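Here's model_34.txt, which has compact mmCIF, C-alpha atoms (C1' of nucleotides):
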# COMPACT_ATOMS: atom_id res chain seq x y z
CA MET A 10 16.85 -32.61 10.69
CA SER A 11 17.06 -31.44 7.15
CA ARG A 12 19.47 -32.76 4.53
CA THR A 13 18.84 -29.82 2.28
CA GLY A 14 20.06 -27.19 4.69
CA SER A 15 16.68 -25.55 5.00
CA HIS A 16 15.28 -25.25 8.48
CA VAL A 17 11.78 -24.84 7.19
CA ARG A 18 9.66 -27.70 5.94
CA ARG A 19 8.67 -27.34 2.34
CA ALA A 20 5.02 -27.40 1.52
CA ALA A 21 2.63 -27.45 -1.39
CA LYS A 22 1.63 -24.39 -3.35
CA LEU A 23 -1.94 -23.37 -2.81
CA ARG A 24 -4.08 -24.56 -5.68
CA ARG A 25 -6.26 -22.45 -7.93
CA ASP A 26 -9.47 -23.33 -6.11
CA PHE A 27 -8.14 -21.85 -2.87
CA TYR A 28 -8.37 -18.44 -4.53
CA THR A 29 -11.41 -18.91 -6.76
CA ARG A 30 -13.82 -20.39 -4.22
CA GLY A 31 -15.98 -17.26 -4.24
CA ASP A 32 -15.63 -16.22 -0.60
CA THR A 33 -12.98 -13.51 -0.42
CA LEU A 34 -13.29 -13.00 3.34
CA ALA A 35 -12.57 -16.71 3.80
CA VAL A 36 -9.61 -16.48 1.42
CA ALA A 37 -8.26 -13.56 3.45
CA ARG A 38 -8.68 -15.32 6.76
CA ASP A 39 -7.25 -18.59 5.45
CA LEU A 40 -4.16 -16.85 4.08
CA LEU A 41 -3.07 -16.21 7.68
CA GLY A 42 -0.39 -18.74 8.60
CA LYS A 43 0.38 -19.48 4.94
CA ARG A 44 3.85 -18.84 3.55
CA LEU A 45 4.54 -16.24 0.87
CA VAL A 46 7.55 -17.31 -1.21
CA VAL A 47 9.51 -15.05 -3.57
CA PRO A 48 12.71 -16.76 -4.73
CA ALA A 49 15.83 -14.60 -4.90
CA PRO A 50 17.62 -14.10 -8.25
CA THR A 51 19.94 -16.95 -7.23
CA GLY A 52 16.97 -19.24 -6.74
CA GLU A 53 17.32 -19.26 -2.96
CA ARG A 54 14.08 -19.33 -1.07
CA VAL A 55 12.98 -16.06 0.53
CA SER A 56 9.72 -16.33 2.41
CA GLY A 57 7.51 -15.08 5.19
CA ARG A 58 4.56 -16.37 7.18
CA ILE A 59 1.50 -14.23 6.48
CA VAL A 60 0.24 -12.64 9.70
CA GLU A 61 -1.92 -9.74 8.53
CA VAL A 62 -4.23 -9.24 5.53
CA GLU A 63 -7.10 -7.07 4.31
CA ALA A 64 -9.94 -8.06 1.98
CA TYR A 65 -11.13 -5.74 -0.78
CA LEU A 66 -14.50 -6.83 -2.08
CA GLY A 67 -14.68 -5.32 -5.53
CA VAL A 68 -17.48 -3.34 -7.14
CA GLY A 69 -19.50 -2.80 -3.96
CA ASP A 70 -16.58 -1.88 -1.72
CA LYS A 71 -15.85 1.84 -1.63
CA ALA A 72 -12.32 1.19 -0.40
CA ALA A 73 -11.45 -1.05 -3.34
CA HIS A 74 -9.74 0.26 -6.46
CA SER A 75 -12.37 -1.65 -8.43
CA TYR A 76 -15.29 0.03 -6.67
CA GLY A 77 -18.14 0.74 -9.07
CA ASP A 78 -16.66 -1.65 -11.64
CA ARG A 79 -13.91 0.81 -12.43
CA ARG A 80 -11.79 -0.77 -15.14
CA THR A 81 -8.52 1.06 -15.72
CA ALA A 82 -4.98 0.11 -16.59
CA ARG A 83 -4.27 -0.24 -12.89
CA THR A 84 -7.35 -2.19 -11.84
CA GLU A 85 -7.34 -4.53 -14.82
CA THR A 86 -5.28 -7.03 -12.85
CA MET A 87 -8.00 -7.29 -10.21
CA TYR A 88 -10.32 -8.72 -12.87
CA LYS A 89 -8.01 -11.63 -13.59
CA VAL A 90 -8.63 -15.11 -12.23
CA GLY A 91 -8.08 -15.75 -8.52
CA GLY A 92 -4.50 -16.67 -7.76
CA THR A 93 -3.00 -13.77 -9.70
CA ALA A 94 -0.65 -11.23 -8.07
CA TYR A 95 -1.95 -7.65 -8.01
CA VAL A 96 0.92 -5.23 -7.30
CA PHE A 97 0.44 -1.47 -7.35
CA PHE A 98 2.49 1.59 -6.44
CA VAL A 99 1.39 4.22 -3.92
CA TYR A 100 2.64 7.41 -2.30
CA GLY A 101 5.33 7.67 -4.93
CA MET A 102 7.52 5.12 -3.23
CA HIS A 103 5.80 1.99 -1.96
CA HIS A 104 4.57 -1.17 -3.61
CA GLN A 105 1.64 -3.19 -2.28
CA PHE A 106 1.23 -6.91 -2.85
CA ASN A 107 -2.25 -8.38 -3.23
CA VAL A 108 -3.68 -11.75 -4.12
CA VAL A 109 -6.57 -11.66 -6.59
CA ALA A 110 -9.57 -13.66 -5.34
CA GLY A 111 -12.64 -15.05 -7.06
CA PRO A 112 -13.30 -16.18 -10.62
CA GLU A 113 -12.10 -14.18 -13.62
CA GLY A 114 -14.09 -10.98 -14.01
CA VAL A 115 -14.78 -10.54 -10.29
CA PRO A 116 -12.33 -7.85 -9.09
CA HIS A 117 -11.72 -8.93 -5.49
CA ALA A 118 -8.30 -8.94 -3.84
CA VAL A 119 -6.57 -9.56 -0.53
CA LEU A 120 -3.79 -7.18 0.50
CA VAL A 121 -0.93 -8.84 2.37
CA ARG A 122 -0.04 -6.30 5.09
CA ALA A 123 2.55 -8.16 7.12
CA VAL A 124 4.56 -11.36 7.22
CA GLU A 125 6.92 -12.96 9.71
CA PRO A 126 10.33 -13.62 8.07
CA THR A 127 10.95 -17.37 7.71
CA GLU A 128 13.62 -17.94 5.04
CA GLY A 129 16.22 -15.81 3.28
CA VAL A 130 16.45 -13.13 5.96
CA GLU A 131 19.89 -12.13 4.67
CA TRP A 132 18.30 -11.30 1.30
CA MET A 133 15.67 -9.21 3.05
CA LEU A 134 18.30 -7.32 5.04
CA ARG A 135 20.28 -6.64 1.90
CA ARG A 136 17.28 -4.94 0.30
CA ARG A 137 16.03 -3.35 3.49
CA PRO A 138 18.76 -2.69 6.08
CA VAL A 139 17.06 -2.39 9.45
CA ARG A 140 17.98 -3.21 13.02
CA GLY A 141 15.42 -5.65 14.30
CA PRO A 142 13.58 -8.44 12.50
CA ARG A 143 10.33 -6.78 13.49
CA GLU A 144 11.12 -3.87 11.16
CA LEU A 145 11.73 -6.09 8.17
CA THR A 146 8.27 -7.06 6.95
CA SER A 147 5.75 -5.52 9.38
CA GLY A 148 3.86 -3.45 6.82
CA PRO A 149 2.62 -3.74 3.22
CA GLY A 150 5.33 -1.50 1.80
CA LYS A 151 8.03 -2.98 4.01
CA LEU A 152 7.41 -6.56 2.99
CA CYS A 153 7.44 -5.70 -0.70
CA GLN A 154 10.81 -4.01 -0.28
CA ALA A 155 12.23 -6.90 1.76
CA LEU A 156 10.95 -9.59 -0.59
CA GLY A 157 11.94 -7.67 -3.71
CA ILE A 158 8.37 -7.34 -5.00
CA ASP A 159 7.92 -4.52 -7.50
CA ARG A 160 5.48 -3.75 -10.30
CA THR A 161 7.07 -6.35 -12.55
CA TYR A 162 5.25 -8.87 -10.36
CA ASN A 163 1.89 -7.36 -11.25
CA GLY A 164 -0.23 -9.94 -13.06
CA GLU A 165 2.08 -12.81 -12.14
CA ASP A 166 0.38 -16.18 -11.75
CA LEU A 167 0.66 -17.44 -8.16
CA LEU A 168 0.80 -20.97 -9.51
CA GLY A 169 3.95 -20.05 -11.40
CA ALA A 170 7.62 -19.97 -10.38
CA ARG A 171 8.18 -16.30 -9.55
CA VAL A 172 5.95 -15.83 -6.51
CA TRP A 173 3.51 -18.13 -4.76
CA VAL A 174 1.85 -19.06 -1.47
CA GLU A 175 2.37 -22.37 0.34
CA ASP A 176 0.21 -24.28 2.77
CA ALA A 177 2.77 -24.45 5.55
CA GLU A 178 0.81 -25.25 8.70
CA PRO A 179 -2.63 -26.30 9.92
CA LEU A 180 -5.44 -23.81 9.44
CA LEU A 181 -5.51 -21.35 12.32
CA ALA A 182 -8.39 -21.61 14.76
CA ASP A 183 -10.87 -18.75 15.09
CA GLU A 184 -9.46 -17.96 18.54
CA GLU A 185 -6.05 -17.30 17.01
CA ILE A 186 -7.38 -14.67 14.62
CA ALA A 187 -8.50 -11.09 15.26
CA SER A 188 -10.28 -8.73 12.90
CA GLY A 189 -10.88 -5.00 12.66
CA ALA A 190 -11.24 -2.01 10.37
CA ARG A 191 -8.91 -1.71 7.42
CA VAL A 192 -6.05 0.77 7.53
CA GLY A 193 -5.79 3.96 5.50
CA VAL A 194 -9.23 3.84 3.92
CA ALA A 195 -10.99 6.63 5.83
CA TYR A 196 -12.23 8.02 2.52
CA ALA A 197 -14.42 4.94 2.03
CA GLY A 198 -17.32 6.10 4.20
CA VAL A 199 -19.28 3.28 5.82
CA ASP A 200 -17.03 0.72 4.19
CA ALA A 201 -14.06 2.10 6.13
CA LEU A 202 -15.59 0.53 9.22
CA LYS A 203 -16.08 -2.97 7.83
CA PRO A 204 -13.99 -5.48 9.84
CA TRP A 205 -12.18 -6.83 6.81
CA ARG A 206 -8.66 -6.66 8.23
CA PHE A 207 -7.50 -9.93 9.77
CA TRP A 208 -4.35 -10.65 11.75
CA VAL A 209 -2.76 -13.36 13.87
CA LYS A 210 -3.40 -12.52 17.51
CA GLY A 211 -0.24 -11.80 19.45
CA SER A 212 2.04 -11.70 16.41
CA GLU A 213 5.09 -9.47 16.83
CA HIS A 214 5.12 -8.82 13.11
CA ILE A 215 1.81 -7.11 12.39
CA SER A 216 1.90 -3.57 11.03
CA ARG A 217 0.74 -1.84 14.20
CA LYS A 218 -0.12 -2.53 17.82
CA GLU A 219 -3.28 -4.57 18.21
CA LYS A 220 -4.89 -2.14 20.60
CA THR A 221 -4.31 0.82 18.32
CA GLN A 222 -7.34 1.71 16.29
CA LEU A 223 -7.38 4.50 13.75
CA ARG A 224 -9.68 7.34 14.65
CA GLN A 225 -11.51 8.51 11.58
CA ASN A 226 -12.36 12.16 11.24
CA GLY A 227 -15.84 13.33 10.33
C1' DC B 2 -2.12 18.82 -19.38
C1' DA B 3 -2.16 20.76 -14.44
C1' DG B 4 -3.73 19.54 -9.92
C1' DC B 5 -4.34 16.37 -6.38
C1' DA B 6 -4.89 12.45 -3.21
C1' DG B 7 -3.39 8.03 -2.18
C1' DA B 8 -4.63 0.26 0.54
C1' DT B 9 2.83 4.14 3.57
C1' DT B 10 6.90 4.89 5.91
C1' DG B 11 10.38 7.08 8.65
C1' DA B 12 12.16 11.05 10.80
C1' DC B 13 11.28 14.34 14.01
C1' DT B 14 8.73 17.49 17.98
C1' DG C 14 1.74 13.40 18.32
C1' DT C 15 3.04 15.84 13.20
C1' DC C 16 4.67 15.87 8.56
C1' DA C 17 7.54 15.45 4.22
C1' DA C 18 9.04 12.31 0.61
C1' DT C 19 7.82 11.07 -4.13
C1' DC C 20 5.09 9.58 -8.38
C1' DT C 21 1.34 7.50 -10.67
C1' DG C 22 -3.27 7.41 -12.15
C1' DC C 23 -7.42 9.77 -12.19
C1' DT C 24 -10.07 13.97 -12.66
C1' DG C 25 -11.48 18.06 -14.67
C1' DC C 26 -10.55 22.20 -17.28
Could the structure of this file be written out as structure tokens, please?
Amino acid sequence: MSRTGSHVRRAAKLRRDFYTRGDTLAVARDLLGKRLVVPAPTGERVSGRIVEVEAYLGVGDKAAHSYGDRRTARTETMYKVGGTAYVFFVYGMHHQFNVVAGPEGVPHAVLVRAVEPTEGVEWMLRRRPVRGPRELTSGPGKLCQALGIDRTYNGEDLLGARVWVEDAEPLLADEEIASGARVGVAYAGVDALKPWRFWVKGSEHISRKEKTQLRQNG
DNA sequence: CAGCAGATTGACT
DNA sequence: GTCAATCTGCTGC
């Protein structure tokens, strides 16, 4: 089927206007089913199909790092043009990979929370030795470890050669997508309840069971 | 410059 | 279900 040895059809990188269109919730939703590609040091393709994301809507979103137009060394990347990688470090051990959305100066981002491994699984296992494929990339910290994403990817252009997103399959239908409250943002008050987390219904690779909802205290 | 909480994970009761 | 690991950036003294 393939002369190149790859079992996965290659596809075009998403263009700038996918990210800069000015509707971050649509960017988040439309990222589902797309393929996140992070080539290995050898140049081999390592990739995953995006199955879970969260939108962070900038200055008015209490859960966003850029809430209240907070410009710091960390958040500066969120102000870059859509289609830039925003990678930050949390809990002293985990990286989180985001896609900046919107025009330059508008600090929106979409956190990629889970992917389904598609290419280069042996590279992922080397970096993250786990038993089942479901443990490989089913969480924002997990996928960064498996794909080799660290803070050196912060600020990277997603139209460049180091990390990008491809349009690998037809846009998912509304019925194939579920939404709910974002994870780990209980501190964000009313914004913690906004249904800005999106995932592919029935995926085995999302970060937690679909029926599980976080109970917020107080 | 000390204190602390965080867009998490994995090990354990 | 609970909780420690581990460190950076932000806050306030």
*Give the residues of chain A that lie within 9 Å of chain B; count all atoms listed in the file, and format the answer as a list of chain:residue names.*
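Only these qualify: A:Glu63, A:Tyr65, A:Ala72, A:Ala73, A:His74, A:Val99, A:Tyr100, A:Met102, A:His103, A:Gln105, A:Leu120, A:Gly148, A:Pro149, A:Gly150, A:Lys151, A:Arg191, A:Val192, A:Gly193, A:Val194.
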Could you produce a table of the residues of chain C lying within 12 Å of chain A, with the nearest pair of atoms per residue and their separation in Å rounded to one decimal, using only C-alpha atoms (C1' of nucleotides), ordered by chain and increasing residue number, as a tab-separated table?
residue	atom	partner	partner_atom	distance
C:DA17	C1'	A:Tyr100	CA	11.5
C:DA18	C1'	A:Gly101	CA	8.1
C:DT19	C1'	A:Gly101	CA	4.3
C:DC20	C1'	A:Gly101	CA	4.0
C:DT21	C1'	A:Gly101	CA	7.0
C:DG22	C1'	A:Arg83	CA	7.8
C:DC23	C1'	A:Thr81	CA	9.5
_Please compute the CA of Trp205 in chain A-CA of Arg217 in chain A distance, one decimal, in Å._
15.7 Å
_Nearest residue to Asp159 in chain A from the set A:Pro48, A:Phe106, A:Arg143, A:Glu85 (distances using all atoms listed in the file)_ =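 Among the listed residues, the smallest separation from Asp159 in chain A belongs to A:Phe106.
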May I have the centre and edge lengths, in Å to one decimal, of an axis-aligned box around the listed atoms of range 5-8 of chain B with 8 Å added to every side, as lines of an AutoDock Vina configuration file?
center_x = -4.1
center_y = 8.3
center_z = -2.9
size_x = 17.5
size_y = 32.1
size_z = 22.9
*Could you pull the residues within 12 Å of Leu41 in chain A, counting all atoms listed in the file, minus those fewer than 5 positions along the same chain, as a PyMOL selection string?*
chain A and resi 34-36+57-63+119-125+174-183+185-188+206-210+212+215
Deliver the residues from the most recent selection as a file, using C-alpha atoms, as a short mmCIF file (atom, residue, chain, number, x, y, z; two decimals), keeping the file's coordinate frame.
data_model
loop_
_atom_site.label_atom_id
_atom_site.label_comp_id
_atom_site.auth_asym_id
_atom_site.auth_seq_id
_atom_site.Cartn_x
_atom_site.Cartn_y
_atom_site.Cartn_z
CA LEU A 34 -13.29 -13.00 3.34
CA ALA A 35 -12.57 -16.71 3.80
CA VAL A 36 -9.61 -16.48 1.42
CA GLY A 57 7.51 -15.08 5.19
CA ARG A 58 4.56 -16.37 7.18
CA ILE A 59 1.50 -14.23 6.48
CA VAL A 60 0.24 -12.64 9.70
CA GLU A 61 -1.92 -9.74 8.53
CA VAL A 62 -4.23 -9.24 5.53
CA GLU A 63 -7.10 -7.07 4.31
CA VAL A 119 -6.57 -9.56 -0.53
CA LEU A 120 -3.79 -7.18 0.50
CA VAL A 121 -0.93 -8.84 2.37
CA ARG A 122 -0.04 -6.30 5.09
CA ALA A 123 2.55 -8.16 7.12
CA VAL A 124 4.56 -11.36 7.22
CA GLU A 125 6.92 -12.96 9.71
CA VAL A 174 1.85 -19.06 -1.47
CA GLU A 175 2.37 -22.37 0.34
CA ASP A 176 0.21 -24.28 2.77
CA ALA A 177 2.77 -24.45 5.55
CA GLU A 178 0.81 -25.25 8.70
CA PRO A 179 -2.63 -26.30 9.92
CA LEU A 180 -5.44 -23.81 9.44
CA LEU A 181 -5.51 -21.35 12.32
CA ALA A 182 -8.39 -21.61 14.76
CA ASP A 183 -10.87 -18.75 15.09
CA GLU A 185 -6.05 -17.30 17.01
CA ILE A 186 -7.38 -14.67 14.62
CA ALA A 187 -8.50 -11.09 15.26
CA SER A 188 -10.28 -8.73 12.90
CA ARG A 206 -8.66 -6.66 8.23
CA PHE A 207 -7.50 -9.93 9.77
CA TRP A 208 -4.35 -10.65 11.75
CA VAL A 209 -2.76 -13.36 13.87
CA LYS A 210 -3.40 -12.52 17.51
CA SER A 212 2.04 -11.70 16.41
CA ILE A 215 1.81 -7.11 12.39
#
_Point-to-point distance from CA of Leu66 in chain A to CA of Gly42 in chain A, Å rounded to tenths_ =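 The value is 21.3 Å.
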*Could you jot down the CA of Asp70 in chain A to CA of Pro112 in chain A separation for me, Å, one decimal place?*
17.2 Å
